[in-house]
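Trainee: Sharing target.cif (mmCIF, C-alpha atoms) below.
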data_protein
#
loop_
_atom_site.group_PDB
_atom_site.id
_atom_site.type_symbol
_atom_site.label_atom_id
_atom_site.label_comp_id
_atom_site.auth_asym_id
_atom_site.auth_seq_id
_atom_site.Cartn_x
_atom_site.Cartn_y
_atom_site.Cartn_z
ATOM 1 C CA MET J 1 0.000 0.000 0.000
ATOM 2 C CA LEU J 2 2.814 2.400 0.885
ATOM 3 C CA GLN J 3 4.470 1.889 -2.494
ATOM 4 C CA LYS J 4 1.183 2.684 -4.283
ATOM 5 C CA ILE J 5 0.871 5.920 -2.335
ATOM 6 C CA SER J 6 4.486 6.754 -3.119
ATOM 7 C CA VAL J 7 3.874 6.260 -6.836
ATOM 8 C CA TRP J 8 0.808 8.499 -6.670
ATOM 9 C CA ILE J 9 2.824 11.207 -4.905
ATOM 10 C CA LEU J 10 5.595 10.944 -7.511
ATOM 11 C CA MET J 11 3.064 11.253 -10.343
ATOM 12 C CA TYR J 12 1.642 14.344 -8.662
ATOM 13 C CA LEU J 13 5.107 15.897 -8.333
ATOM 14 C CA ILE J 14 5.747 15.255 -12.019
ATOM 15 C CA SER J 15 2.549 17.049 -12.957
ATOM 16 C CA ARG J 16 3.640 20.091 -10.925
ATOM 17 C CA ALA J 17 7.270 20.225 -12.060
ATOM 18 C CA THR J 18 8.486 23.452 -13.562
ATOM 19 C CA SER J 19 11.873 22.098 -14.583
ATOM 20 C CA LEU J 20 13.448 18.784 -15.398
ATOM 21 C CA THR J 21 16.129 19.584 -12.842
ATOM 22 C CA GLU J 22 13.496 19.453 -10.084
ATOM 23 C CA LEU J 23 12.589 15.912 -11.061
ATOM 24 C CA ILE J 24 16.210 14.833 -11.236
ATOM 25 C CA ASN J 25 17.261 16.482 -7.979
ATOM 26 C CA ALA J 26 14.324 14.855 -6.204
ATOM 27 C CA ASP J 27 15.442 11.462 -7.592
ATOM 28 C CA ILE J 28 12.030 10.982 -9.160
ATOM 29 C CA LEU J 29 13.545 9.760 -12.409
ATOM 30 C CA LEU J 30 15.665 7.215 -10.526
ATOM 31 C CA ALA J 31 12.641 6.086 -8.529
ATOM 32 C CA PHE J 32 10.679 5.278 -11.663
ATOM 33 C CA CYS J 33 13.672 3.598 -13.293
ATOM 34 C CA SER J 34 14.083 1.385 -10.233
ATOM 35 C CA LEU J 35 10.476 0.213 -10.586
ATOM 36 C CA LEU J 36 11.416 -1.253 -13.970
ATOM 37 C CA GLU J 37 13.604 -3.848 -12.237
ATOM 38 C CA THR J 38 10.835 -5.402 -10.155
ATOM 39 C CA ASN J 39 8.951 -8.547 -11.048
ATOM 40 C CA ASP J 40 5.606 -6.967 -10.225
ATOM 41 C CA TYR J 41 3.554 -6.036 -13.301
ATOM 42 C CA GLU J 42 1.839 -3.109 -11.570
ATOM 43 C CA TYR J 43 5.124 -1.563 -10.422
ATOM 44 C CA ILE J 44 6.690 -1.997 -13.846
ATOM 45 C CA MET J 45 3.707 -0.292 -15.467
ATOM 46 C CA ASN J 46 3.887 2.523 -12.891
ATOM 47 C CA GLY J 47 7.571 2.931 -13.744
ATOM 48 C CA LEU J 48 6.819 3.067 -17.451
ATOM 49 C CA ASN J 49 3.947 5.509 -16.944
ATOM 50 C CA GLY J 50 6.139 7.680 -14.730
ATOM 51 C CA LEU J 51 8.885 7.793 -17.345
ATOM 52 C CA ASN J 52 6.310 8.656 -19.963
ATOM 53 C CA ASN J 53 5.027 11.518 -17.789
ATOM 54 C CA ILE J 54 8.575 12.783 -17.219
ATOM 55 C CA TRP J 55 9.060 12.644 -20.985
ATOM 56 C CA ASP J 56 5.976 14.863 -21.385
ATOM 57 C CA VAL J 57 7.456 17.394 -18.944
ATOM 58 C CA ALA J 58 10.793 17.346 -20.781
ATOM 59 C CA GLU J 59 9.023 17.955 -24.080
ATOM 60 C CA LYS J 60 7.054 20.900 -22.688
ATOM 61 C CA LEU J 61 10.203 22.396 -21.213
ATOM 62 C CA LYS J 62 12.223 21.699 -24.366
ATOM 63 C CA GLN J 63 14.684 19.554 -22.412
ATOM 64 C CA ARG J 64 14.378 16.329 -24.375
ATOM 65 C CA GLU J 65 18.118 15.904 -24.958
ATOM 66 C CA LYS J 66 18.890 16.416 -21.284
ATOM 67 C CA LEU J 67 16.391 13.714 -20.309
ATOM 68 C CA VAL J 68 17.769 11.261 -22.878
ATOM 69 C CA THR J 69 21.306 11.817 -21.577
ATOM 70 C CA ILE J 70 20.275 11.313 -17.967
ATOM 71 C CA ILE J 71 18.282 8.162 -18.713
ATOM 72 C CA LYS J 72 21.319 6.716 -20.483
ATOM 73 C CA GLU J 73 23.727 7.735 -17.701
ATOM 74 C CA THR J 74 21.563 6.274 -14.927
ATOM 75 C CA GLY J 75 21.062 2.916 -16.641
ATOM 76 C CA GLY J 76 17.439 3.598 -17.491
ATOM 77 C CA LEU J 77 17.906 2.685 -21.131
ATOM 78 C CA ASP J 78 19.344 -0.701 -20.174
ATOM 79 C CA LYS J 79 16.363 -1.311 -17.899
ATOM 80 C CA LEU J 80 13.970 -0.376 -20.681
ATOM 81 C CA LYS J 81 15.761 -2.695 -23.097
ATOM 82 C CA ALA J 82 15.615 -5.533 -20.560
ATOM 83 C CA LEU J 83 11.834 -5.172 -20.481
ATOM 84 C CA GLN J 84 11.792 -6.249 -24.123
ATOM 85 C CA TYR J 85 12.345 -9.771 -22.740
ATOM 86 C CA ASN J 86 9.832 -9.483 -19.901
ATOM 87 C CA GLY J 87 7.374 -11.926 -21.444
ATOM 88 C CA ASN J 88 4.364 -9.664 -20.941
ATOM 89 C CA GLU J 89 3.119 -8.241 -24.229
ATOM 90 C CA ILE J 90 1.842 -5.000 -22.684
ATOM 91 C CA VAL J 91 5.147 -4.352 -20.906
ATOM 92 C CA TYR J 92 7.010 -5.145 -24.117
ATOM 93 C CA GLU J 93 4.892 -2.747 -26.190
ATOM 94 C CA LYS J 94 4.974 0.092 -23.680
ATOM 95 C CA SER J 95 8.746 -0.153 -23.216
ATOM 96 C CA LEU J 96 9.218 -0.269 -26.998
ATOM 97 C CA VAL J 97 7.135 2.879 -27.434
ATOM 98 C CA ILE J 98 9.188 4.711 -24.800
ATOM 99 C CA ILE J 99 12.485 3.567 -26.312
ATOM 100 C CA SER J 100 11.302 4.630 -29.763
ATOM 101 C CA SER J 101 10.077 8.004 -28.517
ATOM 102 C CA LEU J 102 13.147 8.857 -26.486
ATOM 103 C CA PHE J 103 15.938 7.420 -28.554
ATOM 104 C CA SER J 104 14.909 7.789 -32.186
#
The structure given in the file should be rewritten as structure tokens.

Mentor:
Amino acid sequence: MLQKISVWILMYLISRATSLTELINADILLAFCSLLETNDYEYIMNGLNGLNNIWDVAEKLKQREKLVTIIKETGGLDKLKALQYNGNEIVYEKSLVIISSLFS
């Protein structure tokens, strides 16, 4: 239950962010990337949705390149690529869409 509340709070913080730096300094990006390593479908999907929301913020703030660099540096890209072998079709598709959006 606590982890669900934490995810909700993180999603709220993303929606209120005025800079990508805020999200990075608060370790929100790292928190969502760490959810990608769990074996729990719900947490993985929350991680993917969180990254997608951070991507939206980066786009609005015209900081796409900064986000891409940080995701690469923190191992987020490797975690996204690993989800391609998750076995769940929805996880596979969502991770593929994020990889395609961020890194193409």

Trainee: J:Ile28, J:Phe103, J:Val91, J:Thr18: which is nearest Leu48 in chain J, counting only C-alpha atoms?

Mentor: J:Val91

Trainee: Which one of J:Leu51, J:Met45, J:Val97, J:Leu36 sits closest to Leu10 in chain J if you count all atoms listed in the file?

Mentor: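 Looking at the shortest contact to Leu10 in chain J, the residue is J:Leu51.
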
Trainee: Excluding Ile24 in chain J and its own-chain neighbours fewer than 4 positions away, which residues fall within 12 Å of it when counting all atoms listed in the file? Please give them as a list in words.

Mentor: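 So the residues in contact are Leu10, Leu13, Ile14, Ala17, Thr18, Ser19, Leu20, Ile28, Leu29, Leu30, Ala31, Phe32, Cys33, Leu51, Ile54, Val57, Ala58, Lys66, Leu67, Thr69, Ile70, Ile71 and Thr74 of chain J.
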
Trainee: Starting from the shown file, work through the PyMOL selection byres ((chain J and resi 92) around 12) and note down what comes out as a ChimeraX atom specification.

Mentor: /J:36,41,44-45,48,79-91,93-99

Trainee: Of the candidates J:Leu23, J:Asn46, J:Glu73, J:Leu102, which one gets nearest to Ile5 in chain J if we count only C-alpha atoms?

Mentor: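 Nearest to Ile5 in chain J: J:Asn46.
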
Trainee: Given the choices J:Glu22, J:Val7, J:Ser101, J:Asn52, which gets closest to Leu35 in chain J if the distance is worked out from all atoms listed in the file?

Mentor: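 Of J:Glu22, J:Val7, J:Ser101, J:Asn52, the one nearest Leu35 in chain J is J:Val7, counting all atoms listed in the file.
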
Trainee: Could you work out how far CA of Gly75 in chain J lies from CA of Thr38 in chain J, giving the answer in Å with one decimal?

Mentor: 14.7 Å

Trainee: Which value, in Å to one decimal, gives the distance between CA of Lys62 in chain J and CA of Ser6 in chain J?

Mentor: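 Computing it gives 27.1 Å between the two atoms.
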
Trainee: I need the residue nearest Tyr43 in chain J from this list: J:Leu77, J:Gln63, J:Thr21, J:Trp8. Use only C-alpha atoms for the distance.

Mentor: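 Of J:Leu77, J:Gln63, J:Thr21, J:Trp8, the one nearest Tyr43 in chain J is J:Trp8, counting only C-alpha atoms.
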
Trainee: Can you work out which one of J:Glu59, J:Asn53, J:Gly47, J:Ile9 has the shortest atom-to-atom distance to Ser34 in chain J, counting only C-alpha atoms?

Mentor: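 Counting only C-alpha atoms, the residue closest to Ser34 in chain J is J:Gly47.
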
Trainee: Please measure the separation of CA of Arg64 in chain J and CA of Arg16 in chain J, giving the value in Å to one decimal.

Mentor: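 Going from CA of Arg64 in chain J over to CA of Arg16 in chain J covers 17.6 Å.
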